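S.K.: Have a look at this one before I ask anything.
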Amino acid sequence: MARVTTPELTGRGAHRRDQAGRARRQSVRRLRPRWGGLATVAQAGSWSGRAGTRRWRTVRRLLALSLVAAAGWSAAAQTPADPGSAVLTVVHDLSLGALLTTADLVISRVDKPPDGALTAVGDAVGRSLSAPTRRGEILTDLRLVPAEGPDAGPGRQTVAVRPADPALAQVLHPGMTVAVVGLSATGTAVVISAQAVVLAVLPAMGGSFATVSPPILLGVPDSEADQVTAATLAGDIALRIS
């Protein structure tokens with residue numbers, strides 16, 4: 001016997017099968033996680049591009065830049081800045097021949113200190129300046145009168161004098177600025193050197209300071225050295241404390 005298929009029944013069955021298939025697909029879609037890692041992101045609507053596309057290249061570049069910036073920040077945080085070199089500087093203006101004390105000096109730090117820069121307060125305390133200095137100036141070895149005395153420094157010469165008043169030697173000390181006064185041809189007092197620096201007061205020979213004027217070593221400018229020497233040979237010389 002031949003089987004007869006009714007068109008109406010066939011259409012209803014196909015419709016029910018389509019509905020069942022849609023229901024299964026919706027159930028599976030609901031079970032699938034929406035954001036389950038990079039693979040899910042790649043399948044999402046706004047990130048549907050494949051690995052290696054423009055969007056992924058942009059993401060990789062941003063990630064690489066972030067890592068480089070983090071590494072640079074970490075290195076900068078761990079590496080301390082160079083504080084510079086410690087040098088000795090002058091706190092306020094000082095004149096030629098000033099005797100340095102702790103109140104005149106301070107330790108500062110600079111990137112490129114000059115040659116001969118002093119680095120400790122003890123290197124300068126008790127020493128005398130061979131030239132005027134300004135506040136904030138870095139103190140170098142050439143700015144100090146040598147501790148041994150005879151070297152007057154650049155632009156100056158050492159001259160030994162015997163002042164007329166021997167008692168004057170008792171108040172003089174290295175670093176003091178004095179004026180060398182002599183007699184002119186008419187017998188009047190004349191200043192021969194206004195900015196002489198006491199380098200050393202030598203011991204008196206054959207007597208005490210009260211009776212014999214000891215030799216005093218002065219640092220005088222080159223242009224005045226001959227006049228001071230001539231006045232000393234004449235024996236008519238006095239020192240005036242500035």
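Residue numbering restarts at 1 for every chain of the structure tokens, chains are lettered A, B, ... in their displayed order, and ligands are numbered from 1 as they appear.
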Hey, could you make a per-residue contact list for region 120-231 of chain A against region 93-96 of chain A with 10 Å as the cut-off, showing the nearest pair of atoms and its distance in Å to one decimal, counting only C-alpha atoms, sorted by chain and number, as CSV?

M.R.:
```
residue,atom,partner,partner_atom,distance
A:Ser128,CA,A:Leu96,CA,8.1
A:Leu129,CA,A:Leu96,CA,5.6
A:Ser130,CA,A:Leu96,CA,5.8
A:Ala131,CA,A:Leu96,CA,4.6
A:Pro132,CA,A:Ser95,CA,4.4
A:Thr133,CA,A:Leu94,CA,5.3
A:Arg134,CA,A:Asp93,CA,4.4
A:Arg135,CA,A:Asp93,CA,4.8
A:Gly136,CA,A:Asp93,CA,8.4
A:Glu137,CA,A:Asp93,CA,8.9
A:Arg143,CA,A:Leu96,CA,9.5
A:Leu144,CA,A:Leu96,CA,9.8
A:Gly175,CA,A:Leu96,CA,8.1
A:Met176,CA,A:Leu96,CA,8.3
A:Thr177,CA,A:Leu96,CA,6.9
A:Gln195,CA,A:Leu96,CA,7.9
A:Ala196,CA,A:Leu96,CA,9.1
A:Val197,CA,A:Leu96,CA,7.7
```

S.K.: I'd like the contact shell of region 115-119 of chain A - 12 Å cut-off, only C-alpha atoms, skipping same-chain residues fewer than 5 positions apart - returned as a VMD selection string.

M.R.: chain A and resid 85 to 90 105 to 110 124 to 125 137 to 144

S.K.: Kindly save the residues from that selection, with N, CA, C and O atoms included, as a PDB file, in the first residue's frame.

M.R.:
```
ATOM      1  N   SER A  85      79.868  67.836  44.133  1.00  0.00           N
ATOM      2  CA  SER A  85      81.066  67.757  44.970  1.00  0.00           C
ATOM      3  C   SER A  85      81.009  68.802  46.083  1.00  0.00           C
ATOM      4  O   SER A  85      80.552  69.929  45.870  1.00  0.00           O
ATOM      5  N   ALA A  86      81.469  68.425  47.264  1.00  0.00           N
ATOM      6  CA  ALA A  86      81.495  69.333  48.406  1.00  0.00           C
ATOM      7  C   ALA A  86      82.676  70.299  48.270  1.00  0.00           C
ATOM      8  O   ALA A  86      83.805  69.865  48.045  1.00  0.00           O
ATOM      9  N   VAL A  87      82.397  71.593  48.387  1.00  0.00           N
ATOM     10  CA  VAL A  87      83.443  72.617  48.326  1.00  0.00           C
ATOM     11  C   VAL A  87      83.196  73.634  49.425  1.00  0.00           C
ATOM     12  O   VAL A  87      82.102  73.728  49.988  1.00  0.00           O
ATOM     13  N   LEU A  88      84.218  74.419  49.702  1.00  0.00           N
ATOM     14  CA  LEU A  88      84.146  75.450  50.729  1.00  0.00           C
ATOM     15  C   LEU A  88      83.819  76.790  50.075  1.00  0.00           C
ATOM     16  O   LEU A  88      84.496  77.203  49.131  1.00  0.00           O
ATOM     17  N   THR A  89      82.757  77.445  50.537  1.00  0.00           N
ATOM     18  CA  THR A  89      82.374  78.747  49.992  1.00  0.00           C
ATOM     19  C   THR A  89      82.332  79.797  51.101  1.00  0.00           C
ATOM     20  O   THR A  89      82.210  79.477  52.283  1.00  0.00           O
ATOM     21  N   VAL A  90      82.429  81.056  50.685  1.00  0.00           N
ATOM     22  CA  VAL A  90      82.474  82.175  51.616  1.00  0.00           C
ATOM     23  C   VAL A  90      81.046  82.651  51.897  1.00  0.00           C
ATOM     24  O   VAL A  90      80.236  82.817  50.979  1.00  0.00           O
ATOM     25  N   LEU A 105      82.645  80.623  56.682  1.00  0.00           N
ATOM     26  CA  LEU A 105      82.717  79.540  55.698  1.00  0.00           C
ATOM     27  C   LEU A 105      81.528  78.600  55.820  1.00  0.00           C
ATOM     28  O   LEU A 105      80.929  78.456  56.892  1.00  0.00           O
ATOM     29  N   VAL A 106      81.198  77.962  54.712  1.00  0.00           N
ATOM     30  CA  VAL A 106      80.128  76.969  54.689  1.00  0.00           C
ATOM     31  C   VAL A 106      80.443  75.955  53.588  1.00  0.00           C
ATOM     32  O   VAL A 106      81.092  76.284  52.591  1.00  0.00           O
ATOM     33  N   ILE A 107      79.986  74.731  53.797  1.00  0.00           N
ATOM     34  CA  ILE A 107      80.163  73.685  52.790  1.00  0.00           C
ATOM     35  C   ILE A 107      78.992  73.742  51.806  1.00  0.00           C
ATOM     36  O   ILE A 107      77.829  73.726  52.209  1.00  0.00           O
ATOM     37  N   SER A 108      79.302  73.810  50.522  1.00  0.00           N
ATOM     38  CA  SER A 108      78.289  73.792  49.471  1.00  0.00           C
ATOM     39  C   SER A 108      78.617  72.665  48.502  1.00  0.00           C
ATOM     40  O   SER A 108      79.703  72.084  48.545  1.00  0.00           O
ATOM     41  N   ARG A 109      77.662  72.385  47.601  1.00  0.00           N
ATOM     42  CA  ARG A 109      77.869  71.341  46.604  1.00  0.00           C
ATOM     43  C   ARG A 109      77.682  71.923  45.211  1.00  0.00           C
ATOM     44  O   ARG A 109      76.690  72.609  44.952  1.00  0.00           O
ATOM     45  N   VAL A 110      78.632  71.656  44.347  1.00  0.00           N
ATOM     46  CA  VAL A 110      78.596  72.145  42.974  1.00  0.00           C
ATOM     47  C   VAL A 110      78.904  70.984  42.036  1.00  0.00           C
ATOM     48  O   VAL A 110      79.505  69.991  42.425  1.00  0.00           O
ATOM     49  N   ALA A 124      90.858  75.935  56.002  1.00  0.00           N
ATOM     50  CA  ALA A 124      90.934  77.390  55.820  1.00  0.00           C
ATOM     51  C   ALA A 124      90.881  78.181  57.118  1.00  0.00           C
ATOM     52  O   ALA A 124      91.337  79.335  57.147  1.00  0.00           O
ATOM     53  N   VAL A 125      90.316  77.628  58.175  1.00  0.00           N
ATOM     54  CA  VAL A 125      90.200  78.373  59.430  1.00  0.00           C
ATOM     55  C   VAL A 125      91.588  78.754  59.942  1.00  0.00           C
ATOM     56  O   VAL A 125      92.497  77.919  59.992  1.00  0.00           O
ATOM     57  N   GLU A 137      81.539  82.836  46.901  1.00  0.00           N
ATOM     58  CA  GLU A 137      82.684  82.447  46.088  1.00  0.00           C
ATOM     59  C   GLU A 137      83.303  81.160  46.621  1.00  0.00           C
ATOM     60  O   GLU A 137      83.420  80.967  47.830  1.00  0.00           O
ATOM     61  N   ILE A 138      83.674  80.270  45.700  1.00  0.00           N
ATOM     62  CA  ILE A 138      84.338  79.019  46.082  1.00  0.00           C
ATOM     63  C   ILE A 138      85.781  79.328  46.476  1.00  0.00           C
ATOM     64  O   ILE A 138      86.503  79.994  45.736  1.00  0.00           O
ATOM     65  N   LEU A 139      86.167  78.842  47.629  1.00  0.00           N
ATOM     66  CA  LEU A 139      87.501  79.126  48.153  1.00  0.00           C
ATOM     67  C   LEU A 139      88.501  78.119  47.579  1.00  0.00           C
ATOM     68  O   LEU A 139      88.319  76.906  47.708  1.00  0.00           O
ATOM     69  N   THR A 140      89.545  78.637  46.940  1.00  0.00           N
ATOM     70  CA  THR A 140      90.595  77.778  46.392  1.00  0.00           C
ATOM     71  C   THR A 140      91.905  78.033  47.129  1.00  0.00           C
ATOM     72  O   THR A 140      92.021  78.973  47.919  1.00  0.00           O
ATOM     73  N   ASP A 141      92.901  77.204  46.826  1.00  0.00           N
ATOM     74  CA  ASP A 141      94.186  77.332  47.508  1.00  0.00           C
ATOM     75  C   ASP A 141      94.879  78.657  47.182  1.00  0.00           C
ATOM     76  O   ASP A 141      95.621  79.199  48.015  1.00  0.00           O
ATOM     77  N   LEU A 142      94.628  79.226  45.997  1.00  0.00           N
ATOM     78  CA  LEU A 142      95.275  80.487  45.628  1.00  0.00           C
ATOM     79  C   LEU A 142      94.666  81.686  46.352  1.00  0.00           C
ATOM     80  O   LEU A 142      95.250  82.771  46.327  1.00  0.00           O
ATOM     81  N   ARG A 143      93.507  81.519  46.971  1.00  0.00           N
ATOM     82  CA  ARG A 143      92.879  82.612  47.711  1.00  0.00           C
ATOM     83  C   ARG A 143      93.445  82.758  49.122  1.00  0.00           C
ATOM     84  O   ARG A 143      93.107  83.705  49.823  1.00  0.00           O
ATOM     85  N   LEU A 144      94.310  81.848  49.547  1.00  0.00           N
ATOM     86  CA  LEU A 144      94.836  81.877  50.912  1.00  0.00           C
ATOM     87  C   LEU A 144      96.314  82.222  50.907  1.00  0.00           C
ATOM     88  O   LEU A 144      97.071  81.788  50.036  1.00  0.00           O
TER      89      LEU A 144
END
```

S.K.: Find the residues near Ile237 (chain A): any atom within 6 Å, counting only C-alpha atoms, skip ones fewer than 6 places away on the same chain, and give them as a VMD selection string.

M.R.: chain A and resid 163 181 to 182

S.K.: Just the number, please: distance in Å from CA of Val159 (chain A) to CA of Ala234 (chain A), one decimal.

M.R.: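 That distance, rounded to one decimal, is 14.2 Å.
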
S.K.: I'd like the contact shell of Pro221 (chain A) - 12 Å cut-off, only C-alpha atoms, skipping same-chain residues fewer than 2 positions apart - returned as a list in words.

M.R.: Ser130, Ala131, Ala152, Gly153, Pro154, Gly155, Arg156, Gln157, Thr158, Val159, Ala179, Val180, Ile192, Ser193, Ala194, Gln195, Ala196, Val197, Leu218, Gly219, Ser223, Glu224, Ala225, Asp226, Gln227 and Val228 of chain A

S.K.: Would you work out the distance separating CA of Ser74 (chain A) from CA of Arg61 (chain A), expressed in Å to one decimal?

M.R.: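 Distance between the two atoms: 20.0 Å.
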
S.K.: Report the distance between CA of Val121 (chain A) and CA of Val91 (chain A) in Å, rounded to one decimal place.

M.R.: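 These atoms are spaced 12.1 Å apart.
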
S.K.: For Asp236 (chain A), work out the shell of residues within 7 Å, counting only C-alpha atoms and skipping chain neighbours fewer than 4 positions away, then give it as a PyMOL selection string.

M.R.: chain A and resi 164+182-183+231-232

S.K.: If we count only C-alpha atoms and set the cut-off at 8 Å, which residues sit around His173 (chain A), ignoring sequence neighbours fewer than 3 positions away in its own chain? Please answer as a tab-separated table (two decimals) with N, CA, C and O atoms, in the first residue's frame.

M.R.:
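As written to disk, result.tsv reads:
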```tsv
chain	number	residue	atom	x	y	z
A	176	MET	N	96.75	90.20	58.46
A	176	MET	CA	96.32	91.59	58.67
A	176	MET	C	96.74	92.46	57.49
A	176	MET	O	97.79	92.25	56.88
A	198	VAL	N	100.33	91.24	56.07
A	198	VAL	CA	101.32	90.63	56.95
A	198	VAL	C	101.35	89.13	56.69
A	198	VAL	O	100.34	88.44	56.82
A	199	LEU	N	102.51	88.65	56.27
A	199	LEU	CA	102.68	87.22	56.01
A	199	LEU	C	103.24	86.48	57.21
A	199	LEU	O	102.85	85.33	57.47
A	200	ALA	N	104.14	87.10	57.94
A	200	ALA	CA	104.73	86.47	59.12
A	200	ALA	C	105.42	87.52	59.95
A	200	ALA	O	105.91	88.54	59.44
A	201	VAL	N	105.42	87.28	61.26
A	201	VAL	CA	106.18	88.11	62.20
A	201	VAL	C	107.31	87.23	62.74
A	201	VAL	O	107.07	86.27	63.49
```

S.K.: Run DSSP on the backbone and tell me which residues of region 87-179 of chain A come out as strand (DSSP E); list them as number ranges by chain.

M.R.: A: 87-90, 105-110, 156-161, 177-179

S.K.: From a DSSP calculation on the backbone, collect every residue of region 210-241 of chain A in alpha helix (DSSP H) and output the set as a PyMOL selection string.

M.R.: chain A and resi 225-234
